[in-house]
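Asker: Shown below is the structure under consideration.
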There are 2 protein chains.
Amino acid sequence: MKIYDIEGFPNPARVRIALAEKGATSDVEFVHVDVLGGEHRTEAFRHKNPDAAVPCLELSDGTHISQCNAITEYIDAAYTDGPSLTGTNAKERARISMMNTRAEIGLLNAVSTYFHHATPGLGPDLEVYQCGEWGNKQKEVAEQTMAYLDGVLANNDYLAGEAFSMADITAFAGLSFADFAKVEIPAKLTNLIAWREKVSSRPSIAA
Amino acid sequence: MKIYDIEGFPNPARVRIALAEKGATSDVEFVHVDVLGGEHRTEAFRHKNPDAAVPCLELSDGTHISQCNAITEYIDAAYTDGPSLTGTNAKERARISMMNTRAEIGLLNAVSTYFHHATPGLGPDLEVYQCGEWGNKQKEVAEQTMAYLDGVLANNDYLAGEAFSMADITAFAGLSFADFAKVEIPAKLTNLIAWREKVSSRPSIAA
C-alpha cells in the first residue's frame, strides 16, 4: 500500500506511529506530497482525497482512504500483530473512540485551528481564509483539554485506561503540534508531562 | 443500559436510529436531560460527561461513554443482530469511518456550528459565546458537503458503498438539522434528495 503524506506533520505522524506499533511500516511506500507548495490542493490530488489533505492511504486495488481515524482503523484491523490500538471488545472500542475524539477535537484540531487561523500558519499563499477570533478561542480549548487530560492521567496509565491506544497517539501528536505552534503545556500538568515522557520512549516514537 | 439524551436532537437521533437498526432499543432506559434548561452543563451532569453534551451512555457497571461515534461503536459491537453499521473487515471499516467523518464534520457539525454561532441558536442563556463569522463560514462548508455527498451518491447506493451504515445515519441527522436551521438542500442535488427519501423509509427512522 501507499501513503501520500509529508514527514513531521501531525496527522501523518499519527499514521506512522500506528504503523510502527503494528510492525507494518515496511509494507508501505510513502509518497511525499509537497504540502508547502500546495500540491494537496491540486485537482490531481483531490481525485485521491477530496478533503485536500494528507495523509491519504492507497490500497493495492486503488481504493483511497483518507481521514486519519479511518486510516488507522484500517491499519489496526488489517494487522493483527502488535497491540490493539482501537480495542478488542465493545467497551474498549467505545472508551478508546471517546478519548481519541476528545484528544482530536479538543487538542490536536484545536491547536491546528489556532495555528492556521490566529498565526501566520503556513503563509499567505496557503492560508487563504483566516478567522483570528475563532483561532484564538481554539487555543483556549486546547489549554482546557490539556488540563482535562492531565486529570484523566491522574487515575489511568493511558488515556483510555490500562493500555496504550490510538487516543494516546492522537494526544501525543496534538502536544507535538502544540510545541510547534507555541501553545505551552503548563508546568503544573505533571501527569500529562510524565505521560508524554513515557509515551515518547516507545520504540514506535523514539526510533 | 441508560442513555441520557433529549428526543429530537441530532446526535441523540443518530444513537436512537443505530439502536433501532440493531433491534436494541428495548434494552435502553432513556433518561431525559433538560438541555434547554442547561442541565447538561451542571456539575452533576459533567460528572457523567465532561463534554457537557448529550447523548451519554451509562453501562450497567457505571462506565459512561459519550461522543456519538463512541456510543454507536459500542452498540454495533455489542449487538451482533441487524446490519453491521461500522463494517466487518478492514476496508469496510475504513470506508465507513471516512464517510462518517466527512458527513459529521462537513455537514452535521458544520450546520451545528452555523446554528449555534450565526443564528440565535438555543437563546442567549445557552449561547454564551458566539462567533458569527465562523458560523456563517460553516454554513458554506455544509452546502459544499451536500454537493460532495450528492456526487458520491451518483455512483453508490449508500455513502460508504453498497450497504447502509453509520455514515448514512450521520448524514441523515445532518440533513434533519439543516432543515431545522434553515440551511436548504439545493433542488439540483437529486441524488442526495432521492437517497434521503430512501433512508427515511427505513423502519429505524420511519417508525
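By order of appearance in the C-alpha cells: chains A, B, ..., then residues from 1 within every chain, and ligands from 1 in the order shown.
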Go through chain A and flag each residue having an atom no more than 10 Å from chain B; for those, report the closest pair of atoms plus their distance in Å to one decimal, using only C-alpha atoms, ordered by chain and rising number, as JSON lines.

Answerer:
{"residue": "A:Pro50", "atom": "CA", "partner": "B:Tyr148", "partner_atom": "CA", "distance": 8.6}
{"residue": "A:Asp51", "atom": "CA", "partner": "B:Arg102", "partner_atom": "CA", "distance": 8.4}
{"residue": "A:Leu59", "atom": "CA", "partner": "B:Lys91", "partner_atom": "CA", "distance": 9.0}
{"residue": "A:Thr63", "atom": "CA", "partner": "B:Lys91", "partner_atom": "CA", "distance": 8.8}
{"residue": "A:His64", "atom": "CA", "partner": "B:Arg95", "partner_atom": "CA", "distance": 8.7}
{"residue": "A:Ile65", "atom": "CA", "partner": "B:Arg95", "partner_atom": "CA", "distance": 6.6}
{"residue": "A:Ser66", "atom": "CA", "partner": "B:Met98", "partner_atom": "CA", "distance": 6.3}
{"residue": "A:Gln67", "atom": "CA", "partner": "B:Met98", "partner_atom": "CA", "distance": 5.6}
{"residue": "A:Cys68", "atom": "CA", "partner": "B:Met98", "partner_atom": "CA", "distance": 8.3}
{"residue": "A:Asn69", "atom": "CA", "partner": "B:Ser97", "partner_atom": "CA", "distance": 7.1}
{"residue": "A:Ala70", "atom": "CA", "partner": "B:Ala94", "partner_atom": "CA", "distance": 4.5}
{"residue": "A:Ile71", "atom": "CA", "partner": "B:Ala94", "partner_atom": "CA", "distance": 6.3}
{"residue": "A:Thr72", "atom": "CA", "partner": "B:Ala94", "partner_atom": "CA", "distance": 8.2}
{"residue": "A:Glu73", "atom": "CA", "partner": "B:Ala94", "partner_atom": "CA", "distance": 5.9}
{"residue": "A:Tyr74", "atom": "CA", "partner": "B:Ala90", "partner_atom": "CA", "distance": 4.8}
{"residue": "A:Ile75", "atom": "CA", "partner": "B:Ala90", "partner_atom": "CA", "distance": 7.5}
{"residue": "A:Asp76", "atom": "CA", "partner": "B:Ala90", "partner_atom": "CA", "distance": 7.9}
{"residue": "A:Ala77", "atom": "CA", "partner": "B:Ala90", "partner_atom": "CA", "distance": 4.9}
{"residue": "A:Ala78", "atom": "CA", "partner": "B:Ala90", "partner_atom": "CA", "distance": 5.4}
{"residue": "A:Tyr79", "atom": "CA", "partner": "B:Ala90", "partner_atom": "CA", "distance": 9.1}
{"residue": "A:Thr88", "atom": "CA", "partner": "B:Ala77", "partner_atom": "CA", "distance": 9.6}
{"residue": "A:Asn89", "atom": "CA", "partner": "B:Ala77", "partner_atom": "CA", "distance": 7.1}
{"residue": "A:Ala90", "atom": "CA", "partner": "B:Tyr74", "partner_atom": "CA", "distance": 4.8}
{"residue": "A:Lys91", "atom": "CA", "partner": "B:Tyr74", "partner_atom": "CA", "distance": 6.2}
{"residue": "A:Glu92", "atom": "CA", "partner": "B:Tyr74", "partner_atom": "CA", "distance": 8.6}
{"residue": "A:Arg93", "atom": "CA", "partner": "B:Tyr74", "partner_atom": "CA", "distance": 6.8}
{"residue": "A:Ala94", "atom": "CA", "partner": "B:Ala70", "partner_atom": "CA", "distance": 4.5}
{"residue": "A:Arg95", "atom": "CA", "partner": "B:Ile65", "partner_atom": "CA", "distance": 6.6}
{"residue": "A:Ile96", "atom": "CA", "partner": "B:Ala70", "partner_atom": "CA", "distance": 7.9}
{"residue": "A:Ser97", "atom": "CA", "partner": "B:Ala70", "partner_atom": "CA", "distance": 5.0}
{"residue": "A:Met98", "atom": "CA", "partner": "B:Ala70", "partner_atom": "CA", "distance": 5.2}
{"residue": "A:Met99", "atom": "CA", "partner": "B:Gln67", "partner_atom": "CA", "distance": 8.8}
{"residue": "A:Asn100", "atom": "CA", "partner": "B:Ala70", "partner_atom": "CA", "distance": 9.4}
{"residue": "A:Thr101", "atom": "CA", "partner": "B:Gln67", "partner_atom": "CA", "distance": 7.3}
{"residue": "A:Arg102", "atom": "CA", "partner": "B:Gln67", "partner_atom": "CA", "distance": 8.2}
{"residue": "A:Gly106", "atom": "CA", "partner": "B:Asp51", "partner_atom": "CA", "distance": 9.9}
{"residue": "A:Tyr129", "atom": "CA", "partner": "B:Lys137", "partner_atom": "CA", "distance": 9.8}
{"residue": "A:Gln130", "atom": "CA", "partner": "B:Trp134", "partner_atom": "CA", "distance": 9.5}
{"residue": "A:Cys131", "atom": "CA", "partner": "B:Trp134", "partner_atom": "CA", "distance": 6.8}
{"residue": "A:Gly132", "atom": "CA", "partner": "B:Trp134", "partner_atom": "CA", "distance": 9.6}
{"residue": "A:Glu133", "atom": "CA", "partner": "B:Cys131", "partner_atom": "CA", "distance": 7.5}
{"residue": "A:Trp134", "atom": "CA", "partner": "B:Trp134", "partner_atom": "CA", "distance": 6.7}
{"residue": "A:Gly135", "atom": "CA", "partner": "B:Trp134", "partner_atom": "CA", "distance": 9.7}
{"residue": "A:Lys137", "atom": "CA", "partner": "B:Cys131", "partner_atom": "CA", "distance": 9.4}
{"residue": "A:Tyr148", "atom": "CA", "partner": "B:Pro50", "partner_atom": "CA", "distance": 8.6}

Asker: Just to be explicit: take each residue in the selection above, keep N, CA and C atoms, and write the result as a short mmCIF file (atom, residue, chain, number, x, y, z; two decimals), in the first residue's frame.

Answerer:
data_model
loop_
_atom_site.label_atom_id
_atom_site.label_comp_id
_atom_site.auth_asym_id
_atom_site.auth_seq_id
_atom_site.Cartn_x
_atom_site.Cartn_y
_atom_site.Cartn_z
N PRO A 50 -10.69 14.10 -1.76
CA PRO A 50 -11.45 15.35 -1.93
C PRO A 50 -11.32 16.31 -0.74
N ASP A 51 -10.85 15.81 0.39
CA ASP A 51 -10.62 16.70 1.53
C ASP A 51 -9.37 17.57 1.34
N LEU A 59 -4.87 1.72 -1.32
CA LEU A 59 -4.77 0.26 -1.25
C LEU A 59 -4.37 -0.29 -2.62
N THR A 63 -8.32 1.69 -4.07
CA THR A 63 -9.19 2.41 -3.12
C THR A 63 -8.38 3.46 -2.36
N HIS A 64 -8.94 4.64 -2.22
CA HIS A 64 -8.30 5.67 -1.41
C HIS A 64 -9.05 5.86 -0.10
N ILE A 65 -8.29 5.88 0.97
CA ILE A 65 -8.87 6.11 2.30
C ILE A 65 -8.19 7.33 2.89
N SER A 66 -8.97 8.32 3.22
CA SER A 66 -8.40 9.47 3.94
C SER A 66 -9.17 9.65 5.23
N GLN A 67 -8.86 10.70 5.94
CA GLN A 67 -9.29 10.94 7.32
C GLN A 67 -8.46 10.00 8.20
N CYS A 68 -7.70 10.62 9.07
CA CYS A 68 -6.72 9.90 9.88
C CYS A 68 -7.30 8.71 10.64
N ASN A 69 -8.47 8.89 11.26
CA ASN A 69 -9.03 7.78 12.04
C ASN A 69 -9.43 6.61 11.16
N ALA A 70 -9.84 6.89 9.94
CA ALA A 70 -10.19 5.82 9.01
C ALA A 70 -8.94 5.04 8.62
N ILE A 71 -7.85 5.75 8.40
CA ILE A 71 -6.60 5.08 8.02
C ILE A 71 -6.08 4.22 9.18
N THR A 72 -6.11 4.76 10.37
CA THR A 72 -5.59 3.98 11.50
C THR A 72 -6.54 2.83 11.84
N GLU A 73 -7.83 3.02 11.60
CA GLU A 73 -8.79 1.92 11.74
C GLU A 73 -8.41 0.79 10.78
N TYR A 74 -8.10 1.17 9.55
CA TYR A 74 -7.69 0.16 8.55
C TYR A 74 -6.45 -0.59 9.03
N ILE A 75 -5.44 0.15 9.43
CA ILE A 75 -4.17 -0.47 9.84
C ILE A 75 -4.39 -1.41 11.02
N ASP A 76 -5.18 -0.96 12.00
CA ASP A 76 -5.37 -1.79 13.19
C ASP A 76 -6.16 -3.05 12.88
N ALA A 77 -7.11 -2.96 11.95
CA ALA A 77 -7.91 -4.14 11.59
C ALA A 77 -7.15 -5.07 10.66
N ALA A 78 -6.30 -4.51 9.80
CA ALA A 78 -5.61 -5.33 8.80
C ALA A 78 -4.40 -6.05 9.38
N TYR A 79 -3.80 -5.47 10.41
CA TYR A 79 -2.60 -6.07 11.02
C TYR A 79 -2.93 -6.52 12.44
N THR A 88 -10.55 -4.35 21.60
CA THR A 88 -10.91 -5.71 21.17
C THR A 88 -12.30 -6.12 21.62
N ASN A 89 -13.01 -5.28 22.34
CA ASN A 89 -14.41 -5.57 22.67
C ASN A 89 -15.19 -4.25 22.69
N ALA A 90 -16.50 -4.37 22.83
CA ALA A 90 -17.36 -3.19 22.68
C ALA A 90 -16.96 -2.05 23.63
N LYS A 91 -16.72 -2.39 24.89
CA LYS A 91 -16.43 -1.35 25.87
C LYS A 91 -15.07 -0.70 25.60
N GLU A 92 -14.07 -1.52 25.30
CA GLU A 92 -12.75 -0.97 24.97
C GLU A 92 -12.82 -0.07 23.74
N ARG A 93 -13.50 -0.56 22.70
CA ARG A 93 -13.62 0.22 21.47
C ARG A 93 -14.27 1.57 21.76
N ALA A 94 -15.31 1.54 22.59
CA ALA A 94 -16.03 2.78 22.89
C ALA A 94 -15.17 3.75 23.70
N ARG A 95 -14.47 3.23 24.71
CA ARG A 95 -13.63 4.12 25.52
C ARG A 95 -12.52 4.75 24.69
N ILE A 96 -11.89 3.92 23.84
CA ILE A 96 -10.80 4.44 23.01
C ILE A 96 -11.34 5.47 22.03
N SER A 97 -12.48 5.17 21.40
CA SER A 97 -13.08 6.12 20.46
C SER A 97 -13.40 7.44 21.16
N MET A 98 -13.99 7.35 22.33
CA MET A 98 -14.35 8.56 23.09
C MET A 98 -13.12 9.40 23.41
N MET A 99 -12.10 8.77 23.95
CA MET A 99 -10.91 9.52 24.36
C MET A 99 -10.13 10.01 23.14
N ASN A 100 -10.12 9.21 22.08
CA ASN A 100 -9.45 9.65 20.85
C ASN A 100 -10.15 10.90 20.30
N THR A 101 -11.47 10.89 20.33
CA THR A 101 -12.21 12.06 19.84
C THR A 101 -11.93 13.28 20.71
N ARG A 102 -11.92 13.08 22.02
CA ARG A 102 -11.63 14.24 22.90
C ARG A 102 -10.24 14.80 22.62
N GLY A 106 -10.42 18.34 20.93
CA GLY A 106 -10.07 19.30 21.96
C GLY A 106 -8.62 19.73 21.94
N TYR A 129 -8.04 31.74 3.89
CA TYR A 129 -9.11 32.26 4.75
C TYR A 129 -8.70 32.07 6.20
N GLN A 130 -8.72 33.14 6.95
CA GLN A 130 -8.41 33.03 8.37
C GLN A 130 -9.48 33.75 9.19
N CYS A 131 -9.85 33.13 10.30
CA CYS A 131 -10.78 33.76 11.25
C CYS A 131 -10.06 33.78 12.59
N GLY A 132 -9.38 34.91 12.84
CA GLY A 132 -8.50 35.02 14.00
C GLY A 132 -9.23 34.84 15.32
N GLU A 133 -10.45 35.36 15.40
CA GLU A 133 -11.19 35.25 16.66
C GLU A 133 -11.42 33.79 17.01
N TRP A 134 -11.87 33.03 16.03
CA TRP A 134 -12.13 31.60 16.26
C TRP A 134 -10.83 30.86 16.57
N GLY A 135 -9.78 31.22 15.87
CA GLY A 135 -8.48 30.60 16.12
C GLY A 135 -8.03 30.79 17.56
N LYS A 137 -9.90 31.42 20.13
CA LYS A 137 -10.82 30.68 21.01
C LYS A 137 -10.37 29.21 21.10
N TYR A 148 -7.81 18.84 31.20
CA TYR A 148 -8.71 17.68 31.32
C TYR A 148 -7.91 16.37 31.21
#

Asker: Write out as a list in words each polymer residue whose atoms come within 12 Å of stretch 37-41 of chain A, counting only C-alpha atoms; drop sequence neighbours fewer than 3 positions from it.

Answerer: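 Returned residues: Tyr4, Asp5, Ile6, His32, Val33, Asp34, Ala44, Phe45, Arg46, His47, Lys48, Asn49, Pro50, Asp51, Ala52, Ala53, Val54, Pro55, Cys56, Leu122, Gly123, Pro124, Asp125, Leu126, Glu127 and Val128 of chain A.
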
Asker: Take the residues just selected and output them with N, CA and C atoms as a short mmCIF file (atom, residue, chain, number, x, y, z; two decimals), in the first residue's frame.

Answerer:
data_model
loop_
_atom_site.label_atom_id
_atom_site.label_comp_id
_atom_site.auth_asym_id
_atom_site.auth_seq_id
_atom_site.Cartn_x
_atom_site.Cartn_y
_atom_site.Cartn_z
N TYR A 4 0.29 8.72 0.93
CA TYR A 4 0.67 10.05 0.50
C TYR A 4 0.69 10.92 1.74
N ASP A 5 1.84 11.47 2.06
CA ASP A 5 1.92 12.31 3.26
C ASP A 5 3.15 13.19 3.23
N ILE A 6 3.44 13.81 4.33
CA ILE A 6 4.64 14.63 4.47
C ILE A 6 5.16 14.39 5.87
N HIS A 32 5.84 11.39 -1.02
CA HIS A 32 5.88 12.74 -0.46
C HIS A 32 4.93 13.68 -1.22
N VAL A 33 4.14 14.42 -0.47
CA VAL A 33 3.24 15.42 -1.05
C VAL A 33 3.79 16.80 -0.67
N ASP A 34 3.96 17.65 -1.65
CA ASP A 34 4.53 18.98 -1.42
C ASP A 34 3.46 19.92 -0.86
N ALA A 44 -5.42 16.90 -9.29
CA ALA A 44 -4.90 15.53 -9.31
C ALA A 44 -4.95 14.91 -7.91
N PHE A 45 -4.58 15.69 -6.91
CA PHE A 45 -4.58 15.13 -5.56
C PHE A 45 -6.01 15.02 -5.00
N ARG A 46 -6.85 15.99 -5.32
CA ARG A 46 -8.25 15.93 -4.85
C ARG A 46 -8.98 14.71 -5.42
N HIS A 47 -8.49 14.20 -6.53
CA HIS A 47 -9.07 12.98 -7.08
C HIS A 47 -8.81 11.81 -6.12
N LYS A 48 -7.67 11.84 -5.46
CA LYS A 48 -7.36 10.82 -4.44
C LYS A 48 -8.10 11.13 -3.14
N ASN A 49 -8.03 12.39 -2.74
CA ASN A 49 -8.65 12.80 -1.47
C ASN A 49 -9.36 14.13 -1.63
N PRO A 50 -10.69 14.10 -1.76
CA PRO A 50 -11.45 15.35 -1.93
C PRO A 50 -11.32 16.31 -0.74
N ASP A 51 -10.85 15.81 0.39
CA ASP A 51 -10.62 16.70 1.53
C ASP A 51 -9.37 17.57 1.34
N ALA A 52 -8.58 17.26 0.30
CA ALA A 52 -7.38 18.05 0.02
C ALA A 52 -6.45 18.11 1.23
N ALA A 53 -6.16 16.94 1.79
CA ALA A 53 -5.32 16.89 2.99
C ALA A 53 -4.51 15.60 2.99
N VAL A 54 -3.41 15.63 3.72
CA VAL A 54 -2.65 14.41 3.98
C VAL A 54 -2.88 14.00 5.42
N PRO A 55 -2.73 12.70 5.75
CA PRO A 55 -2.34 11.60 4.88
C PRO A 55 -3.52 11.03 4.08
N CYS A 56 -3.16 10.27 3.02
CA CYS A 56 -4.14 9.54 2.23
C CYS A 56 -3.56 8.16 1.91
N LEU A 122 0.80 28.52 7.58
CA LEU A 122 1.70 28.09 6.50
C LEU A 122 1.96 29.21 5.49
N GLY A 123 1.61 30.43 5.86
CA GLY A 123 1.90 31.56 4.99
C GLY A 123 0.72 31.96 4.13
N PRO A 124 0.77 33.17 3.59
CA PRO A 124 -0.40 33.76 2.91
C PRO A 124 -0.86 33.00 1.66
N ASP A 125 0.04 32.29 1.01
CA ASP A 125 -0.39 31.56 -0.20
C ASP A 125 -1.32 30.41 0.16
N LEU A 126 -1.09 29.80 1.31
CA LEU A 126 -1.91 28.64 1.71
C LEU A 126 -3.06 29.02 2.65
N GLU A 127 -2.84 30.01 3.48
CA GLU A 127 -3.88 30.40 4.45
C GLU A 127 -4.78 31.44 3.78
N VAL A 128 -5.62 30.98 2.88
CA VAL A 128 -6.42 31.92 2.08
C VAL A 128 -7.65 32.42 2.83
#

Asker: Which polymer residues have any atom within 12 Å of an atom of B:Val199, counting only C-alpha atoms, with same-chain residues fewer than 3 positions away left out, as an NGL selection string?

Answerer: :B and (17 or 21 or 157-159 or 163-173 or 175 or 192-196 or 202-206)

Asker: Could you pull out the alpha helix (DSSP H) residues of stretch 76-167 of chain A, going by DSSP on the backbone, and write them as a PyMOL selection string?

Answerer: chain A and resi 76-78+90-103+109-118+132-153+166-167

Asker: Pull C-alpha atoms from the residues just selected and write them as a PDB file, in the first residue's frame.

Answerer:
ATOM      1  CA  ASP A  76      -5.368  -1.793  13.190  1.00  0.00           C
ATOM      2  CA  ALA A  77      -7.913  -4.140  11.593  1.00  0.00           C
ATOM      3  CA  ALA A  78      -5.612  -5.331   8.797  1.00  0.00           C
ATOM      4  CA  ALA A  90     -17.364  -3.192  22.681  1.00  0.00           C
ATOM      5  CA  LYS A  91     -16.428  -1.345  25.867  1.00  0.00           C
ATOM      6  CA  GLU A  92     -12.746  -0.974  24.970  1.00  0.00           C
ATOM      7  CA  ARG A  93     -13.616   0.224  21.469  1.00  0.00           C
ATOM      8  CA  ALA A  94     -16.035   2.779  22.889  1.00  0.00           C
ATOM      9  CA  ARG A  95     -13.634   4.125  25.524  1.00  0.00           C
ATOM     10  CA  ILE A  96     -10.805   4.445  23.013  1.00  0.00           C
ATOM     11  CA  SER A  97     -13.076   6.123  20.463  1.00  0.00           C
ATOM     12  CA  MET A  98     -14.353   8.561  23.088  1.00  0.00           C
ATOM     13  CA  MET A  99     -10.912   9.516  24.357  1.00  0.00           C
ATOM     14  CA  ASN A 100      -9.454   9.651  20.853  1.00  0.00           C
ATOM     15  CA  THR A 101     -12.214  12.059  19.840  1.00  0.00           C
ATOM     16  CA  ARG A 102     -11.634  14.239  22.899  1.00  0.00           C
ATOM     17  CA  ALA A 103      -7.890  14.357  22.166  1.00  0.00           C
ATOM     18  CA  ASN A 109      -7.691  20.038  15.930  1.00  0.00           C
ATOM     19  CA  ALA A 110      -7.961  22.956  18.350  1.00  0.00           C
ATOM     20  CA  VAL A 111      -4.204  23.633  18.092  1.00  0.00           C
ATOM     21  CA  SER A 112      -4.432  23.226  14.314  1.00  0.00           C
ATOM     22  CA  THR A 113      -7.253  25.757  14.062  1.00  0.00           C
ATOM     23  CA  TYR A 114      -5.305  28.187  16.254  1.00  0.00           C
ATOM     24  CA  PHE A 115      -2.207  27.733  14.087  1.00  0.00           C
ATOM     25  CA  HIS A 116      -3.999  28.104  10.754  1.00  0.00           C
ATOM     26  CA  HIS A 117      -6.313  30.948  11.798  1.00  0.00           C
ATOM     27  CA  ALA A 118      -4.649  33.015  14.515  1.00  0.00           C
ATOM     28  CA  GLY A 132      -8.498  35.016  14.004  1.00  0.00           C
ATOM     29  CA  GLU A 133     -11.190  35.254  16.664  1.00  0.00           C
ATOM     30  CA  TRP A 134     -12.130  31.599  16.257  1.00  0.00           C
ATOM     31  CA  GLY A 135      -8.482  30.596  16.124  1.00  0.00           C
ATOM     32  CA  ASN A 136      -7.738  32.268  19.432  1.00  0.00           C
ATOM     33  CA  LYS A 137     -10.815  30.678  21.006  1.00  0.00           C
ATOM     34  CA  GLN A 138      -9.494  27.270  19.950  1.00  0.00           C
ATOM     35  CA  LYS A 139      -6.215  27.965  21.742  1.00  0.00           C
ATOM     36  CA  GLU A 140      -8.273  28.277  24.928  1.00  0.00           C
ATOM     37  CA  VAL A 141      -9.994  24.982  24.088  1.00  0.00           C
ATOM     38  CA  ALA A 142      -6.589  23.300  23.672  1.00  0.00           C
ATOM     39  CA  GLU A 143      -5.436  24.604  27.054  1.00  0.00           C
ATOM     40  CA  GLN A 144      -8.625  23.372  28.724  1.00  0.00           C
ATOM     41  CA  THR A 145      -8.189  19.974  27.091  1.00  0.00           C
ATOM     42  CA  MET A 146      -4.609  19.688  28.358  1.00  0.00           C
ATOM     43  CA  ALA A 147      -5.930  20.237  31.888  1.00  0.00           C
ATOM     44  CA  TYR A 148      -8.706  17.676  31.321  1.00  0.00           C
ATOM     45  CA  LEU A 149      -6.256  15.049  30.007  1.00  0.00           C
ATOM     46  CA  ASP A 150      -3.979  15.690  32.985  1.00  0.00           C
ATOM     47  CA  GLY A 151      -6.911  14.842  35.259  1.00  0.00           C
ATOM     48  CA  VAL A 152      -7.642  11.631  33.360  1.00  0.00           C
ATOM     49  CA  LEU A 153      -3.995  10.600  33.708  1.00  0.00           C
ATOM     50  CA  MET A 166      -4.941   5.459  19.387  1.00  0.00           C
ATOM     51  CA  ALA A 167      -6.144   8.002  21.947  1.00  0.00           C
TER      52      ALA A 167
END

Asker: Atom CA of A:Arg14 and atom CA of B:Ala160 are how many Å apart?

Answerer: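 A separation of 23.5 Å between them.
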
Asker: Which residue is closest to A:Glu7? Choose from A:Val28, A:Val35, A:Leu19, A:Leu189 and count only C-alpha atoms.

Answerer: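 Of A:Val28, A:Val35, A:Leu19, A:Leu189, the one nearest A:Glu7, counting only C-alpha atoms, is A:Val35.
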
Asker: Give me, please, the distance in Å between atom CA of A:Gly23 and atom CA of A:Ser201, quoted to one decimal.

Answerer: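 Going from atom CA of A:Gly23 over to atom CA of A:Ser201, I get 16.5 Å.
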
Asker: Based on the backbone DSSP call, show me all residues of chain A assigned strand (DSSP E), as a PyMOL selection string.

Answerer: chain A and resi 2-5+29-32+56-58+64-66

Asker: For A:Leu85, which residue out of A:Glu29, A:Thr42, A:Ala20, A:Ala187 is the nearest one, using only C-alpha atoms?

Answerer: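 Ranking A:Glu29, A:Thr42, A:Ala20, A:Ala187 by distance to A:Leu85, first place goes to A:Ala20.
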
Asker: Could you state the separation of atom CA of A:Val31 and atom CA of A:Phe180 in Å, given to one decimal place?

Answerer: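 Interatomic distance here is 23.5 Å.
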
Asker: Rank nothing, just name the residue among A:Leu57, A:Glu104, A:Gly161, A:Met1 nearest to A:Phe177, using only C-alpha atoms.

Answerer: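 That would be A:Glu104, the residue with the smallest distance to A:Phe177.
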